[in-house]
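Have a look at the structure below before the remarks.
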Amino acid sequence: MKILIIGTGYVGATTAMVLAESGWEVTGLDVDAFKIERLRQGRLHFHEPSLEDLISKHVHSGRLLFTTDKETAIAEHDVIFICVGTPSQPDGNADLRYVQQAAEDIGYWMNDYKLVVTKSTVPVGTQEQIIAWIKAAQRKAYPFDVASNPEFLREGKAVEDALQPDRIVIGTDSASATEQLQKLYEVFQCPWIVTKPRTAELIKYASNAFLATKISYMNELARLCDELKINVKEVADGMGLDPRIGPSFLQAGLGYGGSCFPKDVSELVMTSRKHEVNLHILDQVMEVNRNQFTYLLDKARSRLGSFADKNIAVLGLAFKPNTDDIREAPALRMIQELLLEQAKVKLFDPVAKLPGHAAYEAVTVCALVEEALQDAEAIILCTEWTEFEQLDWENLKVLLGQANFFDGRNMMDARRMRGIGYYYQGIGNDY
Ligand code: UDX
Ligand code: UDX
């Protein structure tokens, strides 16, 4: 089987790597010639630990090719993965135009049987639409199957998640498609779920929405912890030992961001409304998340009186550590609000870059954390990069205007920070 991956973003590039690593010949296809040129040299266009090394290894072994030529690519490959983005539209529905484009390209250029596999996160029922789009674009009625095979990759840990998946979900009505995918993934020793396409599609949304629910629950609970002078991290440790709850995704903070949770929760709510079912809990999950960054901002404002003309050091921009992805990053909303309130914002992130948008012109982007801290009247930590924890906070105090530390990820030890002279506030991590 020769495999084609359409879309070489986070998901497509990782899928291409893992299939090449499993021994298959893989080609990545993208409309973006710049990305393809870099990938051809074994270089990545985004930050993802270890991924570039593995891509480079397979580019050099010849097992991994990259192209922008869709006609040849579609004609020459048997299994075609759709990994293009599915961003949210302003009304909350998923924008399927890139998936439709990929399906129509496949239909138009196919010259034989193809197995089309959807990895992009798509609303329930999209598999049926993909079949219709392919058929409508076909010049001759070649046979094909469409299977849903959702990804469960965390950015920053995509390589680990791809090489050691906790499950493989296949949604298809075709025995031949199931057989081909089982062969493709035969090296993986993990549970399999082979089910109907709609079920596979919903498993993805239901998983992400459930994880987002855990986070919003902890974020609300953290507010109660603040009032009760209880540390939410200890509560999470105690809860997490119950195997029915599990220790993951119980970290209170500034809320969830990224390219998946916000859009997936919103899409699931839209789907439920279309079917006249109310997922009330998810409305609340979104509401808590929308306002979570303001909880810390309010704490900082009440300490400083106002942000006007105050130097504020924002540490961390990426929506989570170990990635340069800033899609829906809580730090962006934090910065926008600080600017609105006339703060002088200095930003440091080890890898993520601010968009070149006029809205952020007033931000001073610093190459060193010390520059951001110089004369700062408050530090607001938005992303838990390990290196922030390792800084010598005691000695760094001399740079600051005022030693006020607002920890949006509960990264620091509250006792220690207060012990060395900081006014320190996190999110429910008092003691
Ligand atoms: C993925 C999934 O596709 C999305 O559905 C999931 O919910 C989150 O992760 P991601 O890999 O993060 O998206 O998206 P992105 O980094 O934007 O990559 C998409 C790639 O597809 C880009 O490289 C883009 O250039 C390419 N693309 C887009 C095409 O090749 N053809 C198109 O028509 C549109
Ligand atoms: C997510 C899913 O985890 C993955 O399975 C899916 O396929 C793609 O979407 P990703 O968005 O890359 O992955 O990152 P994830 O680690 O899930 O974090 C998402 C957001 O939740 C981040 O902003 C993170 O900071 C936040 N988060 C996570 C919390 O606030 N608390 C937690 O306990 C965990």
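In the structure tokens, the first chain shown is A, the next is B, and so on; residue numbers restart at 1 for each chain, and ligands run from 1 in the order shown.
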
Please return as a VMD selection string: the residues of range 79-292 of chain A that backbone DSSP assigns to helix (DSSP H, G or I). chain A and resid 97 to 109 126 to 137 158 to 163 175 to 184 197 to 228 232 to 240 261 to 274 280 to 292

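With only C-alpha atoms taken into account, the protein and nucleic acid residues at most 12 Å from Ser50 in chain A (excluding it and anything under 5 positions from it in its own chain) are Thr14, Met17, Arg43, Leu44, Ile55, Ser56, Lys57, Glu155, Gly156, Lys157, Ala158, Val159, Glu160, Ala162, Leu163, Asn322 and Thr323 of chain A.
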
Residues within 6 Å of ligand 1 should be enumerated using only C-alpha atoms and all ligand atoms and returned as a list in words.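 Counting only C-alpha atoms and all ligand atoms, the residues within 6 Å of ligand 1 come out as Ile6, Gly7, Thr8, Gly9, Tyr10, Val11, Gly12, Asp30, Val31, Asp32, Cys83, Val84, Gly85, Thr86, Tyr98, Gln101, Ser120, Thr121, Ser259 and Cys260 of chain A.
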
Quick one: residues within 7 Å of ligand 2, with only C-alpha atoms and all ligand atoms, as a list in words?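 Taking only C-alpha atoms and all ligand atoms into account, the residues around ligand 2 at most 7 Å away are Glu151, Phe152, Leu153, Arg154, Glu155, Gly156, Asn208, Ala212, Ile215, Ser248, Phe249, Leu250, Gln251, Ala252, Gly253, Leu254, Gly255, Tyr256, Gly257, Gly258, Ser259, Cys260, Phe261, Phe319, Lys320 and Ala329 of chain A.
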
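Taking only C-alpha atoms, the non-local environment of range 186-202 of chain A within 6 Å (same-chain residues fewer than 5 positions away omitted) comprises Val124, Gly125, Ser148, Asp166, Arg167, Ile168, Val169, Ile170, Gly171 and Thr172 of chain A.
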
For the residues selected in the previous step, produce a file with all heavy atoms as a PDB file, in the first residue's frame.
ATOM      1  N   VAL A 124     -20.374  14.789  12.999  1.00  0.00           N
ATOM      2  CA  VAL A 124     -21.057  13.519  12.766  1.00  0.00           C
ATOM      3  C   VAL A 124     -21.860  13.614  11.465  1.00  0.00           C
ATOM      4  O   VAL A 124     -22.601  14.575  11.252  1.00  0.00           O
ATOM      5  CB  VAL A 124     -21.993  13.199  13.957  1.00  0.00           C
ATOM      6  CG1 VAL A 124     -22.789  11.928  13.681  1.00  0.00           C
ATOM      7  CG2 VAL A 124     -21.183  13.069  15.239  1.00  0.00           C
ATOM      8  N   GLY A 125     -21.659  12.629  10.603  1.00  0.00           N
ATOM      9  CA  GLY A 125     -22.378  12.608   9.319  1.00  0.00           C
ATOM     10  C   GLY A 125     -21.501  13.037   8.154  1.00  0.00           C
ATOM     11  O   GLY A 125     -21.899  12.903   6.999  1.00  0.00           O
ATOM     12  N   SER A 148     -13.563   6.604   8.701  1.00  0.00           N
ATOM     13  CA  SER A 148     -13.215   7.656   9.661  1.00  0.00           C
ATOM     14  C   SER A 148     -12.185   7.067  10.624  1.00  0.00           C
ATOM     15  O   SER A 148     -12.346   5.959  11.124  1.00  0.00           O
ATOM     16  CB  SER A 148     -14.491   8.061  10.407  1.00  0.00           C
ATOM     17  OG  SER A 148     -14.152   8.741  11.579  1.00  0.00           O
ATOM     18  N   ASP A 166      -3.245   5.132  22.521  1.00  0.00           N
ATOM     19  CA  ASP A 166      -3.989   4.371  23.539  1.00  0.00           C
ATOM     20  C   ASP A 166      -5.180   3.647  22.936  1.00  0.00           C
ATOM     21  O   ASP A 166      -5.750   2.762  23.551  1.00  0.00           O
ATOM     22  CB  ASP A 166      -4.391   5.254  24.738  1.00  0.00           C
ATOM     23  CG  ASP A 166      -5.000   6.564  24.317  1.00  0.00           C
ATOM     24  OD1 ASP A 166      -5.525   6.616  23.189  1.00  0.00           O
ATOM     25  OD2 ASP A 166      -4.952   7.523  25.103  1.00  0.00           O
ATOM     26  N   ARG A 167      -5.566   4.032  21.717  1.00  0.00           N
ATOM     27  CA  ARG A 167      -6.610   3.292  20.989  1.00  0.00           C
ATOM     28  C   ARG A 167      -6.556   3.679  19.519  1.00  0.00           C
ATOM     29  O   ARG A 167      -6.059   4.758  19.176  1.00  0.00           O
ATOM     30  CB  ARG A 167      -8.003   3.548  21.551  1.00  0.00           C
ATOM     31  CG  ARG A 167      -8.654   4.871  21.175  1.00  0.00           C
ATOM     32  CD  ARG A 167      -8.404   5.889  22.234  1.00  0.00           C
ATOM     33  NE  ARG A 167      -9.462   6.841  22.428  1.00  0.00           N
ATOM     34  CZ  ARG A 167      -9.230   8.092  22.837  1.00  0.00           C
ATOM     35  NH1 ARG A 167      -7.993   8.522  23.030  1.00  0.00           N
ATOM     36  NH2 ARG A 167     -10.218   8.922  23.052  1.00  0.00           N
ATOM     37  N   ILE A 168      -7.094   2.774  18.682  1.00  0.00           N
ATOM     38  CA  ILE A 168      -7.271   3.105  17.265  1.00  0.00           C
ATOM     39  C   ILE A 168      -8.762   2.950  16.973  1.00  0.00           C
ATOM     40  O   ILE A 168      -9.345   1.899  17.243  1.00  0.00           O
ATOM     41  CB  ILE A 168      -6.429   2.191  16.356  1.00  0.00           C
ATOM     42  CG1 ILE A 168      -4.940   2.461  16.593  1.00  0.00           C
ATOM     43  CG2 ILE A 168      -6.791   2.395  14.883  1.00  0.00           C
ATOM     44  CD1 ILE A 168      -3.994   1.547  15.854  1.00  0.00           C
ATOM     45  N   VAL A 169      -9.353   4.017  16.493  1.00  0.00           N
ATOM     46  CA  VAL A 169     -10.792   3.985  16.209  1.00  0.00           C
ATOM     47  C   VAL A 169     -10.981   4.028  14.698  1.00  0.00           C
ATOM     48  O   VAL A 169     -10.440   4.905  14.018  1.00  0.00           O
ATOM     49  CB  VAL A 169     -11.492   5.199  16.870  1.00  0.00           C
ATOM     50  CG1 VAL A 169     -12.967   5.237  16.502  1.00  0.00           C
ATOM     51  CG2 VAL A 169     -11.325   5.164  18.393  1.00  0.00           C
ATOM     52  N   ILE A 170     -11.717   3.041  14.200  1.00  0.00           N
ATOM     53  CA  ILE A 170     -12.003   2.984  12.761  1.00  0.00           C
ATOM     54  C   ILE A 170     -13.515   2.980  12.570  1.00  0.00           C
ATOM     55  O   ILE A 170     -14.197   2.117  13.113  1.00  0.00           O
ATOM     56  CB  ILE A 170     -11.468   1.659  12.143  1.00  0.00           C
ATOM     57  CG1 ILE A 170      -9.991   1.437  12.444  1.00  0.00           C
ATOM     58  CG2 ILE A 170     -11.772   1.575  10.651  1.00  0.00           C
ATOM     59  CD1 ILE A 170      -9.072   2.330  11.695  1.00  0.00           C
ATOM     60  N   GLY A 171     -13.992   3.922  11.789  1.00  0.00           N
ATOM     61  CA  GLY A 171     -15.431   3.943  11.508  1.00  0.00           C
ATOM     62  C   GLY A 171     -15.663   3.684  10.028  1.00  0.00           C
ATOM     63  O   GLY A 171     -15.314   4.512   9.197  1.00  0.00           O
ATOM     64  N   THR A 172     -16.198   2.517   9.714  1.00  0.00           N
ATOM     65  CA  THR A 172     -16.483   2.207   8.308  1.00  0.00           C
ATOM     66  C   THR A 172     -17.505   1.071   8.213  1.00  0.00           C
ATOM     67  O   THR A 172     -17.612   0.244   9.124  1.00  0.00           O
ATOM     68  CB  THR A 172     -15.198   1.820   7.542  1.00  0.00           C
ATOM     69  OG1 THR A 172     -15.535   1.493   6.198  1.00  0.00           O
ATOM     70  CG2 THR A 172     -14.491   0.632   8.164  1.00  0.00           C
TER      71      THR A 172
END
